[in-house]
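Data file: query13.txt. Format and content: compact mmCIF, C-alpha atoms.
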```
# COMPACT_ATOMS: atom_id res chain seq x y z
CA MET E 1 111.72 106.20 108.15
CA ARG E 2 112.04 103.74 111.00
CA VAL E 3 115.60 102.60 111.80
CA VAL E 4 116.60 99.27 113.33
CA LEU E 5 120.19 98.75 114.50
CA THR E 6 121.80 95.32 114.31
CA LEU E 7 123.66 94.16 117.37
CA SER E 8 127.33 93.23 117.28
CA SER E 9 128.74 89.73 117.58
CA ASP E 10 130.04 90.58 121.07
CA GLN E 11 127.46 88.48 122.88
CA PRO E 12 128.23 89.64 126.47
CA ALA E 13 127.59 93.23 125.29
CA VAL E 14 124.10 92.54 123.89
CA ALA E 15 122.14 93.92 126.83
CA ALA E 16 124.17 97.13 127.02
CA GLU E 17 124.00 97.67 123.24
CA ALA E 18 120.23 97.16 123.17
CA ARG E 19 119.71 99.53 126.10
CA ALA E 20 121.89 102.19 124.44
CA ALA E 21 119.98 101.82 121.15
CA GLU E 22 116.67 102.32 122.95
CA GLU E 23 117.97 105.40 124.74
CA ALA E 24 119.33 106.80 121.45
CA GLY E 25 115.91 106.59 119.78
CA TYR E 26 116.22 103.59 117.46
CA ASP E 27 112.98 101.82 116.66
CA GLY E 28 114.43 98.35 117.04
CA VAL E 29 117.46 96.14 117.38
CA ALA E 30 118.15 93.10 115.25
CA THR E 31 120.41 90.11 114.96
CA GLY E 32 121.00 87.52 112.31
CA GLU E 33 122.06 83.97 112.99
CA HIS E 34 123.65 80.85 111.63
CA LEU E 35 124.37 77.52 113.25
CA PHE E 36 127.87 77.61 111.72
CA PHE E 37 129.37 80.25 109.42
CA HIS E 38 132.64 81.87 108.34
CA GLY E 39 132.93 83.94 111.52
CA PRO E 40 131.42 84.31 115.00
CA VAL E 41 127.65 83.82 115.09
CA ALA E 42 125.07 83.51 117.85
CA ASN E 43 121.58 82.11 118.19
CA GLY E 44 119.08 84.83 117.40
CA PHE E 45 116.41 83.81 119.89
CA VAL E 46 118.86 83.85 122.80
CA VAL E 47 120.45 87.15 121.79
CA LEU E 48 117.08 88.88 121.43
CA ALA E 49 115.89 87.46 124.75
CA ALA E 50 118.88 89.16 126.39
CA ALA E 51 118.01 92.38 124.55
CA ALA E 52 114.38 92.09 125.67
CA GLY E 53 115.39 91.89 129.32
CA ALA E 54 117.44 95.07 129.04
CA THR E 55 114.79 97.20 127.32
CA THR E 56 111.13 98.17 127.60
CA ARG E 57 110.09 99.80 124.32
CA ILE E 58 112.33 98.90 121.43
CA ARG E 59 111.25 96.23 118.91
CA LEU E 60 113.29 93.03 118.50
CA LEU E 61 113.88 91.65 115.01
CA SER E 62 115.51 88.40 113.94
CA SER E 63 117.20 89.24 110.66
CA LEU E 64 116.97 86.46 109.78
CA THR E 65 116.09 83.19 111.53
CA VAL E 66 117.27 80.33 109.31
CA VAL E 67 114.01 78.44 109.78
CA PRO E 68 114.89 75.25 107.82
CA LEU E 69 117.56 74.46 110.44
CA TYR E 70 114.87 74.07 113.12
CA PRO E 71 112.07 71.57 113.66
CA ALA E 72 109.13 73.81 112.71
CA ALA E 73 107.15 73.31 115.93
CA LEU E 74 110.25 74.12 118.01
CA ALA E 75 110.83 77.36 116.07
CA ALA E 76 107.19 78.31 116.67
CA LYS E 77 107.60 77.67 120.40
CA LEU E 78 110.82 79.69 120.61
CA ALA E 79 109.26 82.62 118.76
CA THR E 80 106.17 82.49 120.95
CA THR E 81 108.25 82.43 124.13
CA LEU E 82 110.30 85.40 122.95
CA ASP E 83 107.11 87.29 122.17
CA GLN E 84 105.96 86.53 125.72
CA VAL E 85 109.16 87.56 127.52
CA SER E 86 109.41 90.77 125.46
CA GLY E 87 105.80 91.78 126.10
CA GLY E 88 104.85 91.47 122.44
CA ARG E 89 107.85 93.25 120.89
CA PHE E 90 109.22 90.47 118.69
CA ASP E 91 109.31 90.57 114.87
CA MET E 92 110.34 87.29 113.26
CA GLY E 93 112.46 87.54 110.16
CA VAL E 94 112.52 84.30 108.22
CA GLY E 95 115.21 83.18 105.79
CA VAL E 96 115.94 79.92 104.02
CA GLY E 97 119.74 80.14 104.28
CA GLY E 98 121.91 78.11 101.95
CA GLU E 99 124.97 80.37 101.93
CA HIS E 100 126.82 77.84 104.10
CA PRO E 101 125.66 74.29 103.25
CA PRO E 102 127.74 72.57 105.98
CA GLU E 103 125.43 73.96 108.66
CA PHE E 104 122.54 72.08 107.05
CA VAL E 105 124.57 68.88 107.24
CA ALA E 106 125.18 69.55 110.94
CA ALA E 107 121.45 70.16 111.54
CA GLY E 108 120.42 67.01 109.69
CA ALA E 109 118.52 68.96 107.03
CA ASP E 110 118.88 68.71 103.25
CA VAL E 111 119.91 72.11 101.90
CA ALA E 112 117.97 71.35 98.70
CA GLU E 113 114.77 71.16 100.75
CA ARG E 114 115.23 74.49 102.55
CA GLY E 115 112.55 76.35 100.60
CA ALA E 116 109.96 73.64 101.10
CA ARG E 117 110.81 73.42 104.79
CA ALA E 118 110.44 77.17 105.22
CA ASP E 119 107.07 77.25 103.45
CA GLU E 120 105.73 74.42 105.59
CA ALA E 121 107.05 76.02 108.77
CA LEU E 122 105.40 79.34 107.94
CA GLU E 123 102.09 77.59 107.35
CA LEU E 124 102.42 75.89 110.74
CA PHE E 125 103.37 79.14 112.49
CA ARG E 126 100.22 80.84 111.25
CA ALA E 127 98.06 77.91 112.34
CA LEU E 128 99.58 77.63 115.82
CA TRP E 129 99.52 81.38 116.42
CA GLN E 130 95.78 81.53 115.80
CA GLY E 131 95.32 79.70 119.10
CA GLY E 132 93.70 76.44 120.00
CA PRO E 133 94.57 72.88 119.00
CA VAL E 134 96.18 72.34 115.61
CA ASP E 135 96.13 69.12 113.66
CA PHE E 136 98.83 69.48 111.02
CA ALA E 137 100.26 66.87 108.71
CA GLY E 138 103.01 68.15 106.44
CA ARG E 139 105.92 66.72 104.54
CA PHE E 140 108.36 67.42 107.38
CA THR E 141 106.16 68.08 110.41
CA ARG E 142 103.26 66.39 112.19
CA VAL E 143 101.34 68.15 114.97
CA PRO E 144 98.61 65.89 116.36
CA GLY E 145 95.94 68.23 117.73
CA LEU E 146 98.24 70.31 119.96
CA ALA E 147 98.07 73.96 121.05
CA LEU E 148 100.79 76.38 122.05
CA ASP E 149 100.35 77.42 125.66
CA PRO E 150 100.85 80.24 126.40
CA GLU E 151 99.94 81.86 123.10
CA PRO E 152 101.82 84.83 121.63
CA VAL E 153 101.12 88.25 123.10
CA GLN E 154 100.57 89.73 119.64
CA PRO E 155 97.28 88.59 118.08
CA GLY E 156 98.09 86.16 115.27
CA GLY E 157 101.69 85.95 116.41
CA PRO E 158 104.82 88.00 115.73
CA PRO E 159 104.90 89.88 112.41
CA ILE E 160 106.75 87.90 109.74
CA TRP E 161 109.54 89.62 107.80
CA LEU E 162 110.72 87.86 104.65
CA GLY E 163 113.53 88.52 102.25
CA GLY E 164 115.32 86.89 99.35
CA ARG E 165 116.15 87.41 95.72
CA ARG E 166 114.45 84.64 93.75
CA PRO E 167 110.88 84.21 92.45
CA ALA E 168 110.19 81.65 95.19
CA ALA E 169 111.04 84.29 97.80
CA ILE E 170 108.64 86.74 96.17
CA ARG E 171 105.84 84.17 96.28
CA ARG E 172 106.67 83.25 99.88
CA ALA E 173 106.57 86.88 100.97
CA GLY E 174 103.29 87.44 99.15
CA ARG E 175 101.73 84.46 100.87
CA PHE E 176 103.06 84.89 104.40
CA GLY E 177 104.88 88.18 104.84
CA ASP E 178 103.92 91.23 106.84
CA VAL E 179 107.16 92.93 105.76
CA TRP E 180 109.31 92.44 102.64
CA MET E 181 112.96 92.98 103.60
CA PRO E 182 115.46 92.25 100.82
CA TYR E 183 119.19 92.85 101.16
CA MET E 184 121.92 93.57 98.62
CA TYR E 185 119.31 95.50 96.61
CA THR E 186 119.40 98.94 95.03
CA PRO E 187 116.50 101.32 95.71
CA GLU E 188 115.19 100.56 92.22
CA GLN E 189 115.22 96.83 92.98
CA VAL E 190 113.44 97.43 96.29
CA ALA E 191 110.64 99.33 94.54
CA ARG E 192 110.23 96.73 91.80
CA SER E 193 110.34 93.74 94.13
CA LEU E 194 107.90 95.30 96.60
CA GLY E 195 105.44 95.68 93.75
CA GLU E 196 105.95 92.04 92.82
CA VAL E 197 105.44 90.92 96.43
CA ARG E 198 102.23 92.88 96.70
CA ALA E 199 101.00 91.35 93.44
CA ALA E 200 101.82 87.91 94.86
CA ALA E 201 99.91 88.80 98.05
CA GLU E 202 96.86 89.73 96.00
CA ALA E 203 97.14 86.46 94.06
CA ALA E 204 97.19 84.64 97.41
CA GLY E 205 93.96 86.34 98.46
CA ARG E 206 95.57 88.88 100.78
CA ASP E 207 95.35 92.67 100.87
CA PRO E 208 98.48 93.80 98.98
CA ALA E 209 98.67 96.97 101.04
CA SER E 210 99.16 94.87 104.17
CA VAL E 211 102.74 94.07 103.10
CA ARG E 212 105.14 96.80 104.16
CA GLY E 213 108.60 97.46 102.74
CA ALA E 214 111.98 97.43 104.45
CA VAL E 215 115.62 97.01 103.45
CA PHE E 216 118.64 95.46 105.20
CA CYS E 217 121.92 97.27 104.58
CA TRP E 218 125.43 96.51 105.70
CA GLY E 219 127.21 99.80 106.13
CA GLY E 220 129.36 102.35 107.85
CA VAL E 221 129.76 106.08 108.11
CA GLY E 222 132.79 108.28 108.63
CA GLU E 223 134.00 111.80 108.10
CA ASP E 224 136.59 110.33 105.70
CA ALA E 225 134.37 108.93 102.95
CA ALA E 226 137.10 106.90 101.25
CA ARG E 227 138.10 105.25 104.53
CA SER E 228 134.48 104.46 105.29
CA ARG E 229 134.12 102.72 101.95
CA ARG E 230 137.22 100.61 102.59
CA GLN E 231 135.97 99.60 106.03
CA VAL E 232 132.63 98.44 104.68
CA VAL E 233 134.05 96.62 101.66
CA ASP E 234 136.71 94.82 103.71
CA THR E 235 134.23 93.62 106.33
CA VAL E 236 131.49 92.46 103.98
CA SER E 237 134.02 90.77 101.69
CA THR E 238 135.27 88.77 104.67
CA VAL E 239 131.77 87.83 105.82
CA TYR E 240 130.66 86.56 102.43
CA GLN E 241 134.05 85.30 101.22
CA GLN E 242 133.96 87.33 97.99
CA ASP E 243 135.22 90.69 96.73
CA PHE E 244 132.51 93.32 97.28
CA ASP E 245 134.49 96.24 95.90
CA PRO E 246 132.65 96.21 92.53
CA LEU E 247 129.29 95.97 94.34
CA ALA E 248 129.83 98.46 97.16
CA ASP E 249 128.30 101.52 95.54
CA ARG E 250 125.18 99.60 94.53
CA TYR E 251 124.40 97.64 97.66
CA LEU E 252 126.29 98.97 100.71
CA LEU E 253 125.88 102.12 102.79
CA HIS E 254 129.15 103.99 103.16
CA GLY E 255 130.63 107.47 103.11
CA ASP E 256 130.18 110.64 105.11
CA PRO E 257 126.92 111.34 106.98
CA ASP E 258 125.44 113.36 104.12
CA ARG E 259 125.98 110.55 101.62
CA VAL E 260 124.65 107.84 103.94
CA ALA E 261 121.54 109.84 104.82
CA ALA E 262 120.86 110.66 101.16
CA ARG E 263 121.20 107.02 100.13
CA ALA E 264 118.91 105.90 102.94
CA ARG E 265 116.31 108.41 101.77
CA GLU E 266 116.47 106.86 98.30
CA TYR E 267 115.46 103.55 99.87
CA ALA E 268 112.65 105.30 101.76
CA ASP E 269 111.39 106.86 98.53
CA ALA E 270 111.44 103.38 96.96
CA GLY E 271 109.01 102.09 99.60
CA ALA E 272 111.28 100.91 102.41
CA GLU E 273 109.56 102.17 105.54
CA THR E 274 112.28 100.62 107.70
CA LEU E 275 116.06 100.60 107.34
CA VAL E 276 117.82 97.76 109.13
CA PHE E 277 121.34 99.17 109.49
CA SER E 278 124.11 96.64 110.11
CA PRO E 279 127.30 98.51 111.05
CA VAL E 280 130.61 96.92 110.15
CA GLY E 281 133.56 96.50 112.47
CA GLU E 282 134.00 95.38 116.04
CA GLY E 283 134.93 97.04 119.30
CA ALA E 284 135.98 100.67 119.18
CA GLU E 285 135.71 100.86 115.40
CA ARG E 286 132.09 99.77 115.46
CA ARG E 287 131.26 102.10 118.34
CA GLN E 288 132.65 105.06 116.39
CA ILE E 289 130.45 104.19 113.41
CA VAL E 290 127.33 103.74 115.55
CA ASP E 291 127.97 106.98 117.46
CA LEU E 292 128.40 109.01 114.26
CA PHE E 293 125.38 107.38 112.61
CA THR E 294 123.28 108.10 115.70
CA ALA E 295 124.42 111.72 115.97
CA GLN E 296 124.33 112.73 112.31
CA VAL E 297 122.19 110.28 110.33
CA LEU E 298 119.47 108.81 112.57
CA ARG E 299 117.69 112.07 113.29
CA ARG E 300 117.62 113.05 109.61
CA LEU E 301 115.87 109.81 108.76
CA ARG E 302 113.41 110.09 111.63
```
Give the structure from the file, written as structure tokens.
Amino acid sequence: MRVVLTLSSDQPAVAAEARAAEEAGYDGVATGEHLFFHGPVANGFVVLAAAAGATTRIRLLSSLTVVPLYPAALAAKLATTLDQVSGGRFDMGVGVGGEHPPEFVAAGADVAERGARADEALELFRALWQGGPVDFAGRFTRVPGLALDPEPVQPGGPPIWLGGRRPAAIRRAGRFGDVWMPYMYTPEQVARSLGEVRAAAEAAGRDPASVRGAVFCWGGVGEDAARSRRQVVDTVSTVYQQDFDPLADRYLLHGDPDRVAARAREYADAGAETLVFSPVGEGAERRQIVDLFTAQVLRRLR
């Protein structure tokens, strides 16, 4: 199982964290983003550019880029530039957002149109990343015979990771996704949804086996299992402004190293080739979790 570590919200520490993750043997680092949210957030493209400059091997995943907040052509340019500066190590996770409607107001986008905007943007990304001039006329975007220069390092552009929970997300992943990455899913839900995504890919004329599985998990690990659970529940409840205590054992990684590794293996058995692990906490607390996960969980999964 491949393991990707999400970076903390301590933006000045991004380079050092990414370098340490590469040295520890992680397959990638990741960051989410929002324009505005309930707590500190950064811009994913900028954070991953800093991580790219501090590393040479590790993959860089946006988990996720809230694409409807961007003009589609600008998002394509930013992703292409990041692929260039990283030497072809960028994976672009795409989300539609909607958890925090005020950020759509601030970006001048209608939150009700976020799915349509994402679909159109993904169509444009694929066209631009094939190289050469593109003449594109969509509902939200017009590209009059223009080409991205330089082109992405990776042929066809950065791999697209998609997640979500609704039928529209399944269809979107089947049409555009290289990787299906849901979050707040049980292993059983991962297995079922991956099958649905692959069926949607086949319906879209794509090879269903070309869509790989992944899972994004908030979590923590500690020698004191009960304390670990409290840490994870408290943090995620604050992030999402709801009580996650009743949901923790279904959707969150927590407990001692044996429990966390066993739960991660359940996701692997369900078809998730990659675990995107998002440790809770900040500062010393987060470092303790990452150090213990690295020492006692990472190598078991690898």
Next on the checklist: Report as number ranges by chain all protein, DNA and RNA residues lying within 10 Å of Arg230 of chain E, evaluated on only C-alpha atoms, omitting residues in the same chain fewer than 2 positions from it.
Outcome noted: E: 220, 225-228, 232-235, 245, 248, 254-255
Next on the checklist: Ranking E:Val236, E:Gly222, E:Arg302, E:Gly177 by minimum distance to Gln288 of chain E and counting all atoms listed in the file, which one comes first?
Outcome noted: E:Gly222
Checklist entry - Mind pulling up the distance from atom CA of Ser8 of chain E to atom CA of Ala49 of chain E? => result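 Atom CA of Ala49 of chain E sits 14.8 Å away from atom CA of Ser8 of chain E.
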Next on the checklist: List the spatial neighbours of Gly213 of chain E as a list in words - criterion: any atom at most 8 Å away, all atoms listed in the file, same-chain residues fewer than 2 positions off excluded.
Outcome noted: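 In the requested form, the answer reads Val179, Trp180, Met181, Leu194, Val211, Val215, Gly271, Ala272, Glu273 and Thr274 of chain E.
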Item to check | Residue with smallest distance to Ala270 of chain E - pool E:Pro187, E:Gly145, E:Pro159, E:Pro150, counting all atoms listed in the file | outcome: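 Under the stated criterion, the closest residue is E:Pro187.
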Item to check | Non-local contacts of Phe37 of chain E (9 Å; only C-alpha atoms; under 5 positions in same chain excluded) as a PyMOL selection string | outcome: chain E and resi 99-100+102-103+239
Next on the checklist: Just checking: using all atoms listed in the file, which residue out of E:Gly44, E:Gly138, E:Gly88, E:Gly28 ends up closest to Gly156 of chain E?
Outcome noted: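 Of the candidates, the smallest distance to Gly156 of chain E is held by E:Gly88.
Across the model, the gap from atom CA of Leu5 of chain E to atom CA of Asp27 of chain E is 8.1 Å.
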Item to check | Top pick for closest residue to Leu292 of chain E, considering E:Pro155, E:Pro257, E:Gly219, E:Pro246 and counting all atoms listed in the file | outcome: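 Nearest candidate to Leu292 of chain E out of E:Pro155, E:Pro257, E:Gly219, E:Pro246: E:Pro257.
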Checklist entry - Which of these residues is nearest to Gly97 of chain E, using all atoms listed in the file: E:Phe136, E:Trp218, E:Phe244, E:Phe36? => result E:Phe36
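Using all atoms listed in the file, the nearest neighbour of Phe176 of chain E within the list E:Glu23, E:Glu151, E:Glu17, E:Asp119 is E:Asp119.
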Please reconstruct the missing atoms of segment 81-116 of chain E (target: N, CA and C atoms) and return them as a compact mmCIF listing (two decimals), keeping the file's coordinate frame.
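part00.txt, written as the output of this step:
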```txt
# COMPACT_ATOMS: atom_id res chain seq x y z
N THR E 81 107.66 82.13 122.83
CA THR E 81 108.25 82.43 124.13
C THR E 81 108.93 83.79 124.12
N LEU E 82 109.65 84.10 123.05
CA LEU E 82 110.30 85.40 122.95
C LEU E 82 109.27 86.52 122.87
N ASP E 83 108.17 86.29 122.19
CA ASP E 83 107.11 87.29 122.17
C ASP E 83 106.55 87.50 123.57
N GLN E 84 106.43 86.43 124.35
CA GLN E 84 105.96 86.53 125.72
C GLN E 84 106.94 87.31 126.60
N VAL E 85 108.21 86.93 126.59
CA VAL E 85 109.16 87.56 127.52
C VAL E 85 109.44 89.02 127.15
N SER E 86 109.19 89.38 125.88
CA SER E 86 109.41 90.77 125.46
C SER E 86 108.15 91.62 125.58
N GLY E 87 107.04 91.03 126.01
CA GLY E 87 105.80 91.78 126.10
C GLY E 87 105.21 92.12 124.75
N GLY E 88 105.43 91.25 123.76
CA GLY E 88 104.85 91.47 122.44
C GLY E 88 105.66 92.39 121.54
N ARG E 89 106.99 92.35 121.69
CA ARG E 89 107.85 93.25 120.89
C ARG E 89 108.66 92.53 119.82
N PHE E 90 108.39 91.27 119.60
CA PHE E 90 109.22 90.47 118.69
C PHE E 90 108.68 90.49 117.27
N ASP E 91 109.58 90.72 116.30
CA ASP E 91 109.31 90.57 114.87
C ASP E 91 110.18 89.44 114.36
N MET E 92 109.58 88.47 113.68
CA MET E 92 110.34 87.29 113.26
C MET E 92 110.70 87.37 111.78
N GLY E 93 111.97 87.62 111.52
CA GLY E 93 112.46 87.54 110.16
C GLY E 93 112.79 86.11 109.80
N VAL E 94 112.36 85.69 108.64
CA VAL E 94 112.52 84.30 108.22
C VAL E 94 113.35 84.24 106.94
N GLY E 95 114.39 83.43 106.97
CA GLY E 95 115.21 83.18 105.79
C GLY E 95 115.36 81.69 105.56
N VAL E 96 115.76 81.35 104.34
CA VAL E 96 115.94 79.92 104.02
C VAL E 96 117.40 79.52 104.10
N GLY E 97 118.33 80.48 104.19
CA GLY E 97 119.74 80.14 104.28
C GLY E 97 120.27 79.55 102.99
N GLY E 98 121.29 78.75 103.11
CA GLY E 98 121.91 78.11 101.95
C GLY E 98 123.27 78.66 101.60
N GLU E 99 123.66 79.81 102.22
CA GLU E 99 124.97 80.37 101.93
C GLU E 99 126.11 79.50 102.46
N HIS E 100 125.79 78.67 103.47
CA HIS E 100 126.82 77.84 104.10
C HIS E 100 126.26 76.43 104.26
N PRO E 101 126.29 75.61 103.20
CA PRO E 101 125.66 74.29 103.25
C PRO E 101 126.11 73.39 104.39
N PRO E 102 127.38 73.47 104.89
CA PRO E 102 127.74 72.57 105.98
C PRO E 102 126.87 72.68 107.22
N GLU E 103 126.27 73.86 107.48
CA GLU E 103 125.43 73.96 108.66
C GLU E 103 124.14 73.15 108.50
N PHE E 104 123.70 72.94 107.28
CA PHE E 104 122.54 72.08 107.05
C PHE E 104 122.90 70.62 107.32
N VAL E 105 124.11 70.24 106.94
CA VAL E 105 124.57 68.88 107.24
C VAL E 105 124.56 68.67 108.75
N ALA E 106 125.10 69.66 109.49
CA ALA E 106 125.18 69.55 110.94
C ALA E 106 123.80 69.48 111.59
N ALA E 107 122.80 70.15 110.99
CA ALA E 107 121.45 70.16 111.54
C ALA E 107 120.62 68.97 111.08
N GLY E 108 121.17 68.16 110.20
CA GLY E 108 120.42 67.01 109.69
C GLY E 108 119.34 67.38 108.72
N ALA E 109 119.51 68.50 108.01
CA ALA E 109 118.52 68.96 107.03
C ALA E 109 119.16 69.01 105.65
N ASP E 110 118.40 68.66 104.63
CA ASP E 110 118.88 68.71 103.25
C ASP E 110 118.78 70.14 102.75
N VAL E 111 119.91 70.72 102.36
CA VAL E 111 119.91 72.11 101.90
C VAL E 111 119.01 72.29 100.67
N ALA E 112 118.83 71.25 99.89
CA ALA E 112 117.97 71.35 98.70
C ALA E 112 116.49 71.46 99.07
N GLU E 113 116.16 71.11 100.31
CA GLU E 113 114.77 71.16 100.75
C GLU E 113 114.46 72.42 101.57
N ARG E 114 115.39 73.36 101.62
CA ARG E 114 115.23 74.49 102.55
C ARG E 114 114.02 75.35 102.22
N GLY E 115 113.72 75.55 100.95
CA GLY E 115 112.55 76.35 100.60
C GLY E 115 111.26 75.67 101.01
N ALA E 116 111.16 74.39 100.73
CA ALA E 116 109.96 73.64 101.10
C ALA E 116 109.79 73.59 102.61
```
